[in-house]
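S.K.: Sharing query_35.cif (mmCIF, C-alpha atoms) below.
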```cif
data_coords
loop_
_atom_site.label_atom_id
_atom_site.label_comp_id
_atom_site.auth_asym_id
_atom_site.auth_seq_id
_atom_site.Cartn_x
_atom_site.Cartn_y
_atom_site.Cartn_z
CA MET A 1 29.87 -1.34 19.88
CA HIS A 2 29.18 -0.40 16.28
CA ARG A 3 30.28 -2.55 13.42
CA THR A 4 31.74 -0.54 10.57
CA GLY A 5 32.78 -2.94 7.89
CA SER A 6 34.60 -5.61 9.85
CA LEU A 7 33.99 -9.13 8.69
CA TYR A 8 32.28 -11.77 10.80
CA GLY A 9 34.05 -15.13 10.93
CA GLN A 10 31.41 -17.07 9.01
CA PHE A 11 31.73 -14.96 5.83
CA LYS A 12 34.41 -14.95 3.16
CA THR A 13 33.96 -11.41 1.92
CA LEU A 14 32.16 -8.23 2.99
CA GLU A 15 30.02 -8.54 -0.06
CA GLN A 16 28.90 -12.04 0.85
CA GLN A 17 28.09 -10.72 4.32
CA LYS A 18 25.93 -7.96 2.88
CA ASP A 19 24.17 -10.28 0.41
CA SER A 20 23.31 -12.57 3.31
CA ALA A 21 21.84 -9.69 5.30
CA SER A 22 19.65 -8.51 2.44
CA LEU A 23 18.56 -12.08 1.68
CA GLY A 24 17.42 -12.36 5.31
CA MET A 25 15.50 -9.09 4.97
CA TRP A 26 13.79 -10.33 1.82
CA ILE A 27 12.69 -13.51 3.59
CA PHE A 28 11.15 -11.33 6.31
CA LEU A 29 9.45 -9.18 3.67
CA VAL A 30 7.96 -12.31 2.07
CA THR A 31 6.27 -13.12 5.40
CA GLU A 32 4.94 -9.55 5.39
CA VAL A 33 3.61 -10.07 1.85
CA MET A 34 1.67 -13.09 3.10
CA PHE A 35 0.40 -11.09 6.09
CA PHE A 36 -0.96 -8.18 4.05
CA GLY A 37 -1.97 -10.53 1.22
CA GLY A 38 -4.28 -12.45 3.57
CA ILE A 39 -5.91 -9.25 4.81
CA MET A 40 -6.41 -7.94 1.27
CA LEU A 41 -7.92 -11.30 0.30
CA ALA A 42 -10.45 -11.12 3.17
CA TYR A 43 -11.23 -7.57 2.07
CA THR A 44 -11.77 -8.67 -1.55
CA ILE A 45 -14.21 -11.42 -0.55
CA ASN A 46 -16.27 -9.01 1.58
CA ARG A 47 -16.18 -6.40 -1.11
CA HIS A 48 -17.44 -8.90 -3.68
CA THR A 49 -20.26 -9.99 -1.35
CA TYR A 50 -21.37 -6.53 -0.15
CA PHE A 51 -20.57 -4.58 -3.25
CA HIS A 52 -23.07 -1.73 -2.74
CA ALA A 53 -22.03 -1.05 0.85
CA PHE A 54 -18.33 -1.12 -0.02
CA ALA A 55 -18.83 1.21 -2.98
CA MET A 56 -20.76 3.59 -0.73
CA GLY A 57 -18.06 3.45 1.93
CA SER A 58 -15.32 4.09 -0.62
CA ASN A 59 -17.18 7.09 -2.00
CA THR A 60 -17.25 8.72 1.44
CA LEU A 61 -13.44 8.75 1.57
CA SER A 62 -11.62 11.87 0.42
CA LEU A 63 -9.81 11.12 -2.83
CA GLN A 64 -7.87 14.40 -2.53
CA LEU A 65 -6.35 13.41 0.81
CA GLY A 66 -5.71 9.81 -0.26
CA GLY A 67 -4.17 10.85 -3.57
CA PHE A 68 -1.99 13.45 -1.86
CA ASN A 69 -0.73 10.83 0.59
CA THR A 70 0.08 8.48 -2.29
CA VAL A 71 2.28 11.16 -3.87
CA VAL A 72 3.92 11.90 -0.49
CA LEU A 73 4.73 8.25 0.12
CA LEU A 74 6.11 7.70 -3.40
CA ALA A 75 8.30 10.77 -2.95
CA SER A 76 9.57 9.40 0.38
CA SER A 77 10.55 6.17 -1.39
CA PHE A 78 12.54 8.24 -3.85
CA THR A 79 14.39 10.13 -1.09
CA MET A 80 15.04 6.81 0.68
CA ALA A 81 16.53 5.37 -2.53
CA MET A 82 18.70 8.48 -2.77
CA ALA A 83 19.88 7.99 0.82
CA VAL A 84 21.00 4.46 -0.12
CA TRP A 85 22.74 5.83 -3.20
CA SER A 86 24.56 8.47 -1.08
CA ALA A 87 25.79 5.78 1.29
CA GLN A 88 26.90 3.48 -1.55
CA SER A 89 28.79 6.20 -3.39
CA GLY A 90 30.44 7.65 -0.29
CA LYS A 91 28.59 11.00 -0.19
CA LYS A 92 28.58 11.10 3.57
CA ARG A 93 27.05 14.56 3.92
CA LEU A 94 24.08 13.74 1.71
CA ILE A 95 22.99 10.69 3.72
CA PRO A 96 21.48 12.61 6.71
CA ILE A 97 19.87 15.13 4.33
CA PHE A 98 18.01 12.45 2.38
CA LEU A 99 17.13 10.57 5.57
CA THR A 100 15.68 13.75 7.08
CA LEU A 101 13.62 14.36 3.93
CA THR A 102 12.30 10.78 4.10
CA ILE A 103 11.32 11.19 7.76
CA ALA A 104 9.68 14.56 7.03
CA LEU A 105 7.60 13.06 4.21
CA GLY A 106 6.63 10.19 6.54
CA PHE A 107 5.37 12.70 9.09
CA ILE A 108 3.40 14.59 6.43
CA PHE A 109 1.74 11.25 5.68
CA PHE A 110 0.86 10.84 9.38
CA GLY A 111 -0.54 14.39 9.49
CA VAL A 112 -2.84 13.78 6.53
CA LYS A 113 -3.88 10.44 8.02
CA TYR A 114 -4.78 12.25 11.24
CA ILE A 115 -6.96 14.71 9.32
CA GLU A 116 -8.65 11.82 7.53
CA TYR A 117 -9.31 9.81 10.68
CA ALA A 118 -10.65 12.89 12.51
CA GLN A 119 -12.98 13.56 9.58
CA LYS A 120 -14.37 10.04 9.86
CA PHE A 121 -15.10 10.59 13.56
CA HIS A 122 -16.98 13.82 12.75
CA HIS A 123 -18.94 12.10 9.99
CA HIS A 124 -20.08 9.21 12.21
CA LEU A 125 -18.12 6.68 10.18
CA ILE A 126 -16.46 4.80 13.05
CA PRO A 127 -17.89 1.26 13.31
CA GLY A 128 -20.03 0.99 16.43
CA ARG A 129 -23.32 2.24 17.84
CA SER A 130 -23.13 5.71 16.32
CA PHE A 131 -22.15 4.52 12.85
CA ASP A 132 -24.41 6.07 10.25
CA ILE A 133 -23.47 5.93 6.59
CA THR A 134 -26.27 8.45 5.84
CA TYR A 135 -25.13 10.95 8.51
CA CYS A 136 -23.67 13.54 6.15
CA VAL A 137 -26.55 13.28 3.72
CA ASN A 138 -29.05 13.93 6.53
CA ASN A 139 -26.95 16.53 8.38
CA ALA A 140 -25.28 18.45 5.55
CA GLU A 141 -24.66 21.48 7.80
CA LYS A 142 -22.34 19.37 9.98
CA CYS A 143 -20.27 18.08 7.04
CA GLU A 144 -19.11 21.39 5.59
CA ASP A 145 -16.00 19.84 4.09
CA ILE A 146 -18.16 18.08 1.49
CA SER A 147 -19.34 20.30 -1.39
CA ALA A 148 -23.07 20.66 -2.06
CA LYS A 149 -22.66 19.08 -5.48
CA ASP A 150 -20.91 16.02 -4.07
CA MET A 151 -23.60 15.80 -1.42
CA ASP A 152 -26.35 15.66 -4.06
CA ILE A 153 -24.56 12.84 -5.85
CA GLU A 154 -24.08 11.06 -2.55
CA ARG A 155 -27.77 11.41 -1.63
CA GLU A 156 -28.81 9.71 -4.85
CA GLU A 157 -26.20 6.99 -4.49
CA ILE A 158 -27.20 6.16 -0.94
CA ALA A 159 -30.87 5.88 -1.94
CA LYS A 160 -29.93 3.47 -4.74
CA ALA A 161 -27.61 1.44 -2.53
CA GLN A 162 -30.25 1.17 0.20
CA ALA A 163 -32.75 -0.10 -2.32
CA ALA A 164 -30.32 -2.81 -3.38
CA ASP A 165 -29.06 -3.73 0.08
CA PRO A 166 -31.57 -3.24 2.93
CA ASP A 167 -28.86 -3.76 5.54
CA LEU A 168 -26.53 -1.18 4.02
CA ASN A 169 -25.54 0.41 7.32
CA SER A 170 -24.13 -2.75 8.89
CA HIS A 171 -22.37 -3.80 5.70
CA ALA A 172 -20.82 -0.33 5.38
CA GLN A 173 -19.41 -0.87 8.88
CA LEU A 174 -17.60 -3.91 7.48
CA TYR A 175 -16.02 -1.62 4.91
CA TYR A 176 -14.96 0.85 7.57
CA SER A 177 -13.59 -1.88 9.82
CA ALA A 178 -11.47 -3.05 6.90
CA TYR A 179 -10.46 0.55 6.14
CA PHE A 180 -9.27 1.25 9.68
CA GLY A 181 -7.69 -2.18 10.07
CA MET A 182 -5.72 -1.98 6.83
CA THR A 183 -4.67 1.66 6.97
CA GLY A 184 -3.98 1.28 10.71
CA LEU A 185 -1.65 -1.68 10.17
CA HIS A 186 0.02 0.18 7.34
CA ALA A 187 0.49 3.24 9.58
CA LEU A 188 1.91 1.02 12.35
CA HIS A 189 4.51 -0.24 9.86
CA MET A 190 5.32 3.36 9.01
CA VAL A 191 5.76 4.27 12.69
CA ILE A 192 8.28 1.42 13.02
CA GLY A 193 9.93 2.57 9.80
CA ALA A 194 10.17 6.17 11.09
CA GLY A 195 11.83 4.87 14.26
CA LEU A 196 14.37 2.92 12.20
CA LEU A 197 15.02 6.01 10.06
CA LEU A 198 15.73 8.10 13.17
CA TRP A 199 18.22 5.44 14.25
CA LEU A 200 19.85 5.61 10.80
CA LEU A 201 19.94 9.41 10.99
CA HIS A 202 21.81 9.16 14.27
CA GLY A 203 24.31 6.74 12.71
CA SER A 204 24.75 8.81 9.57
CA LEU A 205 25.46 11.98 11.59
CA ALA A 206 28.19 10.02 13.36
CA GLY A 207 29.57 9.20 9.90
CA ARG A 208 29.18 5.47 10.31
CA PHE A 209 28.03 4.56 6.79
CA THR A 210 30.62 4.13 4.05
CA PRO A 211 30.69 2.55 0.58
CA GLU A 212 32.24 -0.54 2.24
CA TRP A 213 29.64 -0.78 5.00
CA ASN A 214 26.11 0.56 4.59
CA THR A 215 24.05 -2.55 5.27
CA PRO A 216 21.62 -0.87 7.76
CA VAL A 217 20.75 1.89 5.26
CA ASP A 218 20.16 -0.69 2.56
CA ILE A 219 18.03 -2.98 4.76
CA VAL A 220 15.86 -0.21 6.24
CA GLY A 221 15.47 1.04 2.67
CA LEU A 222 14.04 -2.34 1.64
CA TYR A 223 11.56 -2.14 4.53
CA TRP A 224 10.50 1.42 3.68
CA HIS A 225 9.94 0.55 0.01
CA PHE A 226 7.89 -2.46 1.06
CA VAL A 227 5.59 -0.25 3.16
CA ASP A 228 5.24 1.95 0.06
CA ILE A 229 4.20 -1.08 -2.00
CA VAL A 230 1.49 -1.94 0.55
CA TRP A 231 0.06 1.57 0.09
CA ILE A 232 0.31 1.25 -3.71
CA PHE A 233 -2.25 -1.57 -3.38
CA LEU A 234 -4.32 -0.08 -0.54
CA PHE A 235 -4.95 3.15 -2.45
CA PRO A 236 -6.87 1.66 -5.40
CA LEU A 237 -8.51 -1.01 -3.24
CA LEU A 238 -9.90 1.41 -0.65
CA TYR A 239 -10.26 4.76 -2.42
CA LEU A 240 -11.05 3.97 -6.02
CA ILE A 241 -14.08 1.67 -5.87
CA ASP A 242 -16.96 2.69 -8.08
CA ARG A 243 -15.96 6.34 -8.48
CA HIS A 244 -17.39 6.69 -11.98
CA LYS A 245 -20.82 8.32 -11.74
CA MET B 1 25.76 -13.93 -11.61
CA SER B 2 28.54 -16.02 -10.08
CA GLU B 3 30.13 -15.28 -6.68
CA HIS B 4 33.36 -14.09 -8.31
CA GLU B 5 32.21 -11.56 -10.85
CA HIS B 6 29.53 -9.99 -8.66
CA THR B 7 30.32 -6.48 -7.53
CA GLU B 8 27.76 -4.15 -6.00
CA HIS B 9 25.73 -2.40 -8.67
CA ILE B 10 25.00 1.20 -7.76
CA VAL B 11 21.80 2.47 -9.36
CA LYS B 12 22.26 6.03 -10.63
CA PRO B 13 20.13 8.97 -9.39
CA GLY B 14 18.91 9.52 -12.95
CA THR B 15 17.34 6.05 -12.93
CA TYR B 16 15.64 6.78 -9.59
CA LEU B 17 14.31 10.05 -10.96
CA ALA B 18 12.91 8.33 -14.06
CA ILE B 19 11.26 5.68 -11.86
CA ILE B 20 9.63 8.18 -9.46
CA LEU B 21 8.28 10.22 -12.39
CA THR B 22 6.84 7.05 -13.94
CA LEU B 23 5.26 6.11 -10.59
CA LEU B 24 3.63 9.54 -10.24
CA THR B 25 2.34 9.38 -13.82
CA LEU B 26 0.85 5.93 -13.19
CA THR B 27 -0.84 7.28 -10.04
CA GLY B 28 -2.43 10.01 -12.13
CA ILE B 29 -3.58 7.46 -14.71
CA THR B 30 -5.12 5.18 -12.09
CA VAL B 31 -7.15 8.05 -10.56
CA TYR B 32 -8.28 9.13 -14.01
CA ALA B 33 -9.23 5.55 -14.96
CA ALA B 34 -11.35 5.21 -11.80
CA TYR B 35 -13.70 7.91 -13.14
CA VAL B 36 -14.19 6.18 -16.49
CA ASN B 37 -16.96 3.60 -16.43
CA LEU B 38 -15.38 0.31 -17.49
CA GLY B 39 -17.89 -1.84 -15.62
CA ARG B 40 -16.26 -4.80 -13.98
CA PHE B 41 -12.91 -3.97 -15.60
CA ASN B 42 -12.35 -0.89 -13.42
CA ILE B 43 -10.85 -3.03 -10.68
CA VAL B 44 -8.77 -4.99 -13.21
CA VAL B 45 -7.26 -1.78 -14.60
CA ALA B 46 -6.61 -0.43 -11.07
CA LEU B 47 -4.86 -3.63 -9.96
CA VAL B 48 -2.81 -3.97 -13.17
CA ILE B 49 -1.50 -0.42 -12.68
CA ALA B 50 -0.81 -1.09 -8.97
CA THR B 51 1.10 -4.27 -9.87
CA LEU B 52 3.10 -2.37 -12.48
CA LYS B 53 4.01 0.28 -9.88
CA ALA B 54 4.96 -2.36 -7.30
CA THR B 55 7.14 -4.12 -9.90
CA LEU B 56 9.03 -0.90 -10.64
CA VAL B 57 9.60 -0.31 -6.91
CA VAL B 58 10.85 -3.89 -6.38
CA LEU B 59 13.13 -3.94 -9.45
CA PHE B 60 14.75 -0.52 -9.08
CA PHE B 61 14.19 1.05 -5.66
CA MET B 62 14.77 -2.31 -3.97
CA HIS B 63 17.52 -3.29 -6.44
CA ALA B 64 15.97 -6.70 -7.15
CA LYS B 65 17.09 -6.38 -10.78
CA TYR B 66 20.73 -6.33 -9.60
CA SER B 67 20.38 -8.77 -6.70
CA PRO B 68 21.99 -12.22 -6.64
CA ARG B 69 19.90 -15.01 -8.15
CA ARG B 70 19.10 -16.58 -4.80
CA THR B 71 17.53 -13.34 -3.58
CA GLN B 72 15.49 -13.13 -6.76
CA LEU B 73 14.37 -16.71 -6.19
CA VAL B 74 13.06 -15.79 -2.73
CA ILE B 75 11.08 -12.88 -4.21
CA VAL B 76 9.57 -14.98 -6.99
CA ALA B 77 8.74 -17.79 -4.54
CA GLY B 78 6.99 -15.26 -2.28
CA ILE B 79 4.87 -13.93 -5.15
CA PHE B 80 4.06 -17.48 -6.26
CA TRP B 81 2.92 -18.39 -2.74
CA LEU B 82 0.71 -15.28 -2.59
CA ALA B 83 -0.77 -16.22 -5.98
CA LEU B 84 -1.63 -19.69 -4.62
CA LEU B 85 -3.35 -18.13 -1.60
CA LEU B 86 -5.39 -15.72 -3.73
CA PHE B 87 -6.24 -18.14 -6.54
CA MET B 88 -7.33 -21.11 -4.44
CA THR B 89 -9.32 -19.10 -1.88
CA LEU B 90 -11.09 -16.97 -4.47
CA SER B 91 -11.96 -19.96 -6.66
CA ASP B 92 -13.51 -21.58 -3.58
CA TYR B 93 -15.58 -18.50 -2.72
CA ILE B 94 -16.70 -17.83 -6.28
CA SER B 95 -17.99 -21.39 -6.74
CA ARG B 96 -19.52 -21.79 -3.27
CA VAL B 97 -23.29 -22.17 -2.79
CA ASP B 98 -24.84 -22.13 0.69
CA TYR B 99 -27.59 -24.44 1.99
CA ARG B 100 -30.36 -22.27 0.46
CA GLY B 101 -28.75 -22.36 -2.94
CA VAL B 102 -27.77 -18.70 -2.59
CA ARG B 103 -24.33 -17.68 -3.78
CA ALA B 104 -23.53 -15.14 -1.10
CA PRO B 105 -24.77 -14.45 2.45
CA ILE B 106 -26.49 -11.22 1.38
CA SER B 107 -30.28 -11.08 0.80
CA GLN B 108 -31.44 -12.98 -2.25
CA VAL B 109 -32.73 -9.91 -4.10
CA THR B 110 -29.40 -8.14 -3.83
CA THR B 111 -27.49 -11.23 -4.79
CA GLN B 112 -29.50 -11.59 -7.98
CA LYS B 113 -28.88 -7.95 -8.83
CA ILE B 114 -25.15 -8.33 -8.39
CA TRP B 115 -25.04 -11.39 -10.61
CA GLN B 116 -27.24 -9.88 -13.27
CA SER B 117 -25.16 -6.75 -13.51
CA SER B 118 -21.87 -8.57 -13.81
#
```
As a first step, turn the structure in this file into C-alpha cells.

M.R.:
Amino acid sequence: MHRTGSLYGQFKTLEQQKDSASLGMWIFLVTEVMFFGGIMLAYTINRHTYFHAFAMGSNTLSLQLGGFNTVVLLASSFTMAMAVWSAQSGKKRLIPIFLTLTIALGFIFFGVKYIEYAQKFHHHLIPGRSFDITYCVNNAEKCEDISAKDMDIEREEIAKAQAADPDLNSHAQLYYSAYFGMTGLHALHMVIGAGLLLWLLHGSLAGRFTPEWNTPVDIVGLYWHFVDIVWIFLFPLLYLIDRHK
Amino acid sequence: MSEHEHTEHIVKPGTYLAIILTLLTLTGITVYAAYVNLGRFNIVVALVIATLKATLVVLFFMHAKYSPRRTQLVIVAGIFWLALLLFMTLSDYISRVDYRGVRAPISQVTTQKIWQSS
C-alpha cells in the first residue's frame, strides 16, 4: 500500500506530519555527521603527525579527476533540489526527469571513482606488501598517465620527504588507508542514495508525488545533499594538501 | 515561526541556480588557493571555503533556512557536538608529550623539523 497524503492518527495536519518526518531525518543526519566527523578527526591527527607522508600521498592523487567529481556531485545536488521543487510545485512530469539526471550524475561519479581506484592499483598505491610510494618515480614507463614534468617534480619531492621521514613508505600507507576508507564509505553512502533515487523514480513515474504529499522526495533529497557535504570536506582534505610547489 | 502561520516555503529555481553557481565558483577558488603558498594557512583557507559551501547547501538545498525552529535546533546542536569532539580531542593531541618527551610518535629529527617549520 502506498500512502499518498492521508493523515496518520497521531498528527493534526499534513504539514505537521511532514515536519516530523524531516525532523527525524535530520536527527539521523546528525548521527552521520558524528560518524564522518570522527573519521575526519582521526585523519587530521595522523596527517598532523606524518605530514610529509600525507603530503606525498595527496600529491599522487589526480586533481583533475577529483575536481571533476566535485563538480559532478555539486551538479547532482542541484538536480536533486530541482526534483524536490518539481514535486512541491506540482510539476509531475519534471520529477522523473530531474531524478534521472541526478542518478546519471551519480553514476558518472562512480565511473570516475573506478578510474581513480584502478589507477591506484596500477601505481602500487594499495596498502599492503606491494605498496611503493616511489613506484611511479622509479618506473616512469609504467605510469604513462603522469606527465614527465609532473614526474620530475614528484622525484624531487619524494627525495625531500624521504630525507625528512625515513619511514615514508609505511606512513604513506596510512594516508592511502585513510583515502580508501573515507572515499569508500562516501561511495557506499552514494550507492545507498542511488538505490533510494531509483525507488523515487519508480514512484514518480507512477505519479505518486504531489504538492500535498512529497515527503519521500524531500527526505531522500536531504540524504543526497548530506552525502554531497561529506565530499565537500573530503575533497580539500584528501586532494589539496601541500599542492603549492 | 509558530505552528499556525507556518506554510511550506518553496525555494525558487532561480535561488537554486544562484547557489550552484556560487558553489562551483568556490570550488574553483579552493583549487586555485591550494597552489598559492600560504604556509600553514593553506588548510585554514581550504576548510573555511568548505564550511562556507556546506553552509550554503544546508541553508538552501536542504531548506534549513525555512525549516521550523526545532529542526534548526537539532542542526545547531549537531554542529555544536561535532565542535566539542574536534576541539577537545585536538587540544589533547596538540598538548600531549610521550614518555621520551617527544611530541609525536614520529622520529625525533622529523618531529623537530615539523615544529620548526610551523

S.K.: So which residues touch Leu63 of chain A within 12 Å, counting all atoms listed in the file, skipping near sequence neighbours fewer than 5 positions away, as a PyMOL selection string?

M.R.: (chain A and resi 58+68-70+112+116+146+235-236+238-241+243) or (chain B and resi 28+30-32+34-35)

S.K.: Could you tell me which residues of chain A sit within 9 Å of chain B when counting all atoms listed in the file, and give me the result as a PyMOL selection string?

M.R.: chain A and resi 15-16+19+22-24+26-27+29-31+33-34+37-38+41+44-45+49-52+63+67+70-71+74-75+77-78+80-82+85+88-89+163-167+218+221-222+225-226+228-230+232-233+235-237+240-245

S.K.: Applying the PyMOL selection byres ((chain A and resi 215) around 8) to the file I just gave you, which residues come out? Please list them as an MDAnalysis selection string.

M.R.: chainID A and resid 18 21:22 213:214 216:219

S.K.: For Val220 of chain A, find every residue with an atom within 8 Å (counting all atoms listed in the file), except residues of its own chain fewer than 4 positions away, and show them as a VMD selection string.

M.R.: chain A and resid 193 196 to 197 216 224

S.K.: Compile the contact shell of segment 172-185 of chain A as a PDB file with C-alpha atoms, in the coordinates of the input: residues with an atom at most 8 Å away, counting all atoms listed in the file, same-chain residues fewer than 5 positions apart removed.

M.R.:
```pdb
ATOM      1  CA  ILE A  39      -5.910  -9.250   4.810  1.00  0.00           C
ATOM      2  CA  TYR A  43     -11.230  -7.570   2.070  1.00  0.00           C
ATOM      3  CA  ASN A  46     -16.270  -9.010   1.580  1.00  0.00           C
ATOM      4  CA  ARG A  47     -16.180  -6.400  -1.110  1.00  0.00           C
ATOM      5  CA  ALA A  53     -22.030  -1.050   0.850  1.00  0.00           C
ATOM      6  CA  PHE A  54     -18.330  -1.120  -0.020  1.00  0.00           C
ATOM      7  CA  MET A  56     -20.760   3.590  -0.730  1.00  0.00           C
ATOM      8  CA  GLY A  57     -18.060   3.450   1.930  1.00  0.00           C
ATOM      9  CA  SER A  58     -15.320   4.090  -0.620  1.00  0.00           C
ATOM     10  CA  LEU A 125     -18.120   6.680  10.180  1.00  0.00           C
ATOM     11  CA  ILE A 126     -16.460   4.800  13.050  1.00  0.00           C
ATOM     12  CA  PRO A 127     -17.890   1.260  13.310  1.00  0.00           C
ATOM     13  CA  GLY A 128     -20.030   0.990  16.430  1.00  0.00           C
ATOM     14  CA  PHE A 131     -22.150   4.520  12.850  1.00  0.00           C
ATOM     15  CA  ILE A 133     -23.470   5.930   6.590  1.00  0.00           C
ATOM     16  CA  LEU A 234      -4.320  -0.080  -0.540  1.00  0.00           C
ATOM     17  CA  LEU A 238      -9.900   1.410  -0.650  1.00  0.00           C
TER      18      LEU A 238
END
```

S.K.: Figure out the distance between atom CA of Val72 of chain A and atom CA of Lys149 of chain A, please, to one decimal in Å.

M.R.: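 A separation of 28.0 Å between them.
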
S.K.: May I ask for the distance between atom CA of Lys113 of chain A and atom CA of His189 of chain A, given in Å to one decimal place?

M.R.: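 According to the coordinates, atom CA of Lys113 of chain A and atom CA of His189 of chain A are separated by 13.7 Å.
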
S.K.: As an exercise, work out the distance from atom CA of Cys143 of chain A to atom CA of Ala187 of chain A in Å and give it to one decimal place.

M.R.: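 Interatomic distance, atom CA of Cys143 of chain A to atom CA of Ala187 of chain A: 25.6 Å.
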